[in-house]
Amino acid sequence: QVQLVESGGGLVQPGGSLRLSCLASGRALSTYRMGWFRQAPGKERESVAAINWSGYMIYYAESVKGRFTISRDNAKNTVYLQMNSLKPEDTAVYYCAAAENGKYNTWGQGTQVTVSS
C-alpha cells in the first residue's frame with residue numbers, strides 16, 4: 001500500500017505563494033488518481049484539485065481556479081500543488097490522497113497552510 005507525506009505548508013501573507021508536495025512511498029504513484037483536499041476549522045473537508053495518472057485530466061474547485069495548479073512527477077513519485085494569490089480563506093490543513101478503484105482510500109497526515117498578514 002502506498003504511504004503519502006505532505007510538505008511545504010506554512011505561514012504566508014495574502015497574495016503570496018506556496019508549493020505543496022506529496023511524496024509517495026511503498027508503491028509507484030503512476031497508477032493512482034491523486035487529489036488535494038483541505039479542511040478549515042469548523043468546516044467539512046473539501047476537494048481542491050485532482051489529477052489522473054497521466055496528468056491530462058485535471059479538476060479544480062471553483063474557489064481555486066486560476067490560482068492553484070496541480071501537477072505530478074511520476075518518476076519522482078510526487079504530486080504538487082502550486083498555490084498563488086493566496087487568500088485568508090485558503091487557510092486550512094491540506095491533505096493529499098490517492099484513489100484506487102475510484103475511491104480515495106489513502107491519505108497523508110496533512111500540512112497546515114495559514115494565510116494572514
# chains A, B, ... in the order shown; residues from 1 in each chain; ligands from 1
call {"tool": "select_by_dssp", "arguments": {"residues": "chain A", "states": "strand (DSSP E)", "output": "JSON, numbers by chain"}}
result
{"A": [3, 4, 5, 6, 7, 10, 11, 12, 18, 19, 20, 21, 22, 23, 24, 25, 33, 34, 35, 36, 37, 38, 39, 46, 47, 48, 49, 50, 51, 58, 59, 60, 68, 69, 70, 71, 72, 73, 78, 79, 80, 81, 82, 83, 92, 93, 94, 95, 96, 97, 98, 99, 100, 103, 104, 105, 106, 107, 111, 112, 113, 114, 115]}
call {"tool": "closest_residue", "arguments": {"among": "A:Gln109, A:Ser7, A:Gln39, A:Asn74", "to": "Gly55 (chain A)", "atoms": "only C-alpha atoms"}}
result
A:Asn74
call {"tool": "closest_residue", "arguments": {"among": "A:Ala98, A:Val64, A:Val113, A:Val2", "to": "Tyr32 (chain A)", "atoms": "only C-alpha atoms"}}
result
A:Ala98
call {"tool": "closest_residue", "arguments": {"among": "A:Met83, A:Leu23, A:Ala92, A:Leu4", "to": "Asn105 (chain A)", "atoms": "only C-alpha atoms"}}
result
A:Leu4
call {"tool": "residues_around", "arguments": {"residues": "Gly26 (chain A)", "least_positions_apart": "2", "cutoff": "7 Å", "atoms": "only C-alpha atoms", "output": "number ranges by chain"}}
result
A: 1-3, 24
call {"tool": "write_last_selection", "arguments": {"atoms": "all heavy atoms", "output": "tab-separated table (two decimals), in the first residue's frame"}}
result
chain	number	residue	atom	x	y	z
A	1	GLN	N	0.84	-1.18	0.00
A	1	GLN	CA	0.00	0.00	0.00
A	1	GLN	C	0.89	1.24	0.00
A	1	GLN	O	1.96	1.25	0.58
A	1	GLN	CB	-0.90	0.02	1.24
A	1	GLN	CG	-1.92	1.14	1.22
A	1	GLN	CD	-2.92	1.01	2.35
A	1	GLN	OE1	-2.99	-0.03	3.00
A	1	GLN	NE2	-3.68	2.04	2.59
A	2	VAL	N	0.41	2.27	-0.67
A	2	VAL	CA	1.19	3.49	-0.76
A	2	VAL	C	1.03	4.32	0.52
A	2	VAL	O	-0.01	4.30	1.17
A	2	VAL	CB	0.73	4.30	-1.99
A	2	VAL	CG1	-0.70	4.80	-1.83
A	2	VAL	CG2	1.68	5.43	-2.29
A	3	GLN	N	2.10	4.99	0.91
A	3	GLN	CA	2.07	5.96	2.01
A	3	GLN	C	2.36	7.34	1.44
A	3	GLN	O	3.16	7.48	0.52
A	3	GLN	CB	3.11	5.62	3.09
A	3	GLN	CG	2.83	4.35	3.87
A	3	GLN	CD	3.33	3.11	3.17
A	3	GLN	OE1	4.43	3.10	2.64
A	3	GLN	NE2	2.55	2.05	3.18
A	24	ALA	N	5.15	10.03	-2.28
A	24	ALA	CA	4.61	8.69	-2.05
A	24	ALA	C	5.74	7.68	-1.87
A	24	ALA	O	6.80	7.79	-2.48
A	24	ALA	CB	3.74	8.28	-3.22
call {"tool": "residues_around", "arguments": {"residues": "Ser71 (chain A)", "least_positions_apart": "6", "cutoff": "10 Å", "atoms": "only C-alpha atoms", "output": "list in words"}}
result
Ser21, Met34, Ala49, Ala50, Ile51, Asn52, Ser54, Gly55, Tyr56, Ile58, Thr78, Val79, Tyr80, Leu81 and Gln82 of chain A
call {"tool": "residues_around", "arguments": {"residues": "Gly66 (chain A)", "least_positions_apart": "6", "cutoff": "10 Å", "atoms": "only C-alpha atoms", "output": "list in words"}}
result
Tyr60, Met83, Asn84 and Ser85 of chain A
call {"tool": "select_by_dssp", "arguments": {"residues": "chain A", "states": "helix (DSSP H, G or I)", "output": "PyMOL selection string"}}
result
chain A and resi 29-31+74-76+88-90
call {"tool": "atom_distance", "arguments": {"atom1": "CA of Leu20 (chain A)", "atom2": "CA of Thr106 (chain A)"}}
result
17.4 Å
call {"tool": "residues_around", "arguments": {"residues": "Ala40 (chain A)", "least_positions_apart": "6", "cutoff": "12 Å", "atoms": "only C-alpha atoms", "output": "short mmCIF file (atom, residue, chain, number, x, y, z; two decimals) with N, CA, C and O atoms, in the first residue's frame"}}
result
data_model
loop_
_atom_site.label_atom_id
_atom_site.label_comp_id
_atom_site.auth_asym_id
_atom_site.auth_seq_id
_atom_site.Cartn_x
_atom_site.Cartn_y
_atom_site.Cartn_z
N GLU A 46 -12.96 19.59 1.95
CA GLU A 46 -13.40 19.83 0.59
C GLU A 46 -12.30 19.49 -0.41
O GLU A 46 -11.11 19.58 -0.11
N SER A 47 -12.74 19.09 -1.59
CA SER A 47 -11.80 18.81 -2.66
C SER A 47 -11.29 20.09 -3.26
O SER A 47 -12.06 21.02 -3.51
N PRO A 88 -6.91 34.76 2.72
CA PRO A 88 -7.12 34.24 4.09
C PRO A 88 -8.07 33.04 4.11
O PRO A 88 -7.88 32.14 4.95
N GLU A 89 -9.04 33.00 3.21
CA GLU A 89 -9.97 31.88 3.21
C GLU A 89 -9.35 30.58 2.68
O GLU A 89 -9.99 29.53 2.71
N ASP A 90 -8.11 30.63 2.21
CA ASP A 90 -7.39 29.41 1.84
C ASP A 90 -6.75 28.74 3.05
O ASP A 90 -6.20 27.64 2.92
N THR A 91 -6.81 29.39 4.20
CA THR A 91 -6.24 28.82 5.41
C THR A 91 -6.92 27.51 5.76
O THR A 91 -8.15 27.46 5.88
N ALA A 92 -6.13 26.46 5.91
CA ALA A 92 -6.68 25.12 6.19
C ALA A 92 -5.52 24.15 6.34
O ALA A 92 -4.37 24.48 6.05
N VAL A 93 -5.86 22.95 6.78
CA VAL A 93 -4.94 21.83 6.68
C VAL A 93 -5.16 21.19 5.31
O VAL A 93 -6.30 20.87 4.95
N TYR A 94 -4.09 21.04 4.57
CA TYR A 94 -4.16 20.47 3.22
C TYR A 94 -3.67 19.03 3.24
O TYR A 94 -2.61 18.72 3.82
N TYR A 95 -4.44 18.17 2.60
CA TYR A 95 -4.15 16.74 2.55
C TYR A 95 -4.02 16.30 1.09
O TYR A 95 -4.79 16.75 0.24
N GLY A 110 -1.35 15.53 6.40
CA GLY A 110 -1.77 16.92 6.27
C GLY A 110 -0.65 17.90 6.56
O GLY A 110 0.30 17.61 7.30
N THR A 111 -0.76 19.08 5.96
CA THR A 111 0.18 20.17 6.20
C THR A 111 -0.61 21.46 6.35
O THR A 111 -1.54 21.72 5.57
N GLN A 112 -0.26 22.26 7.35
CA GLN A 112 -1.02 23.47 7.66
C GLN A 112 -0.61 24.61 6.73
O GLN A 112 0.58 24.89 6.56
N VAL A 113 -1.60 25.26 6.17
CA VAL A 113 -1.38 26.48 5.39
C VAL A 113 -2.15 27.60 6.08
O VAL A 113 -3.36 27.49 6.28
N THR A 114 -1.45 28.67 6.43
CA THR A 114 -2.08 29.81 7.08
C THR A 114 -1.78 31.06 6.26
O THR A 114 -0.61 31.38 6.00
N VAL A 115 -2.83 31.74 5.85
CA VAL A 115 -2.70 32.97 5.05
C VAL A 115 -3.16 34.12 5.93
O VAL A 115 -4.35 34.26 6.24
#
call {"tool": "residues_around", "arguments": {"residues": "Trp53 (chain A)", "least_positions_apart": "6", "cutoff": "7 Å", "atoms": "only C-alpha atoms", "output": "ChimeraX atom specification"}}
result
/A:30-33
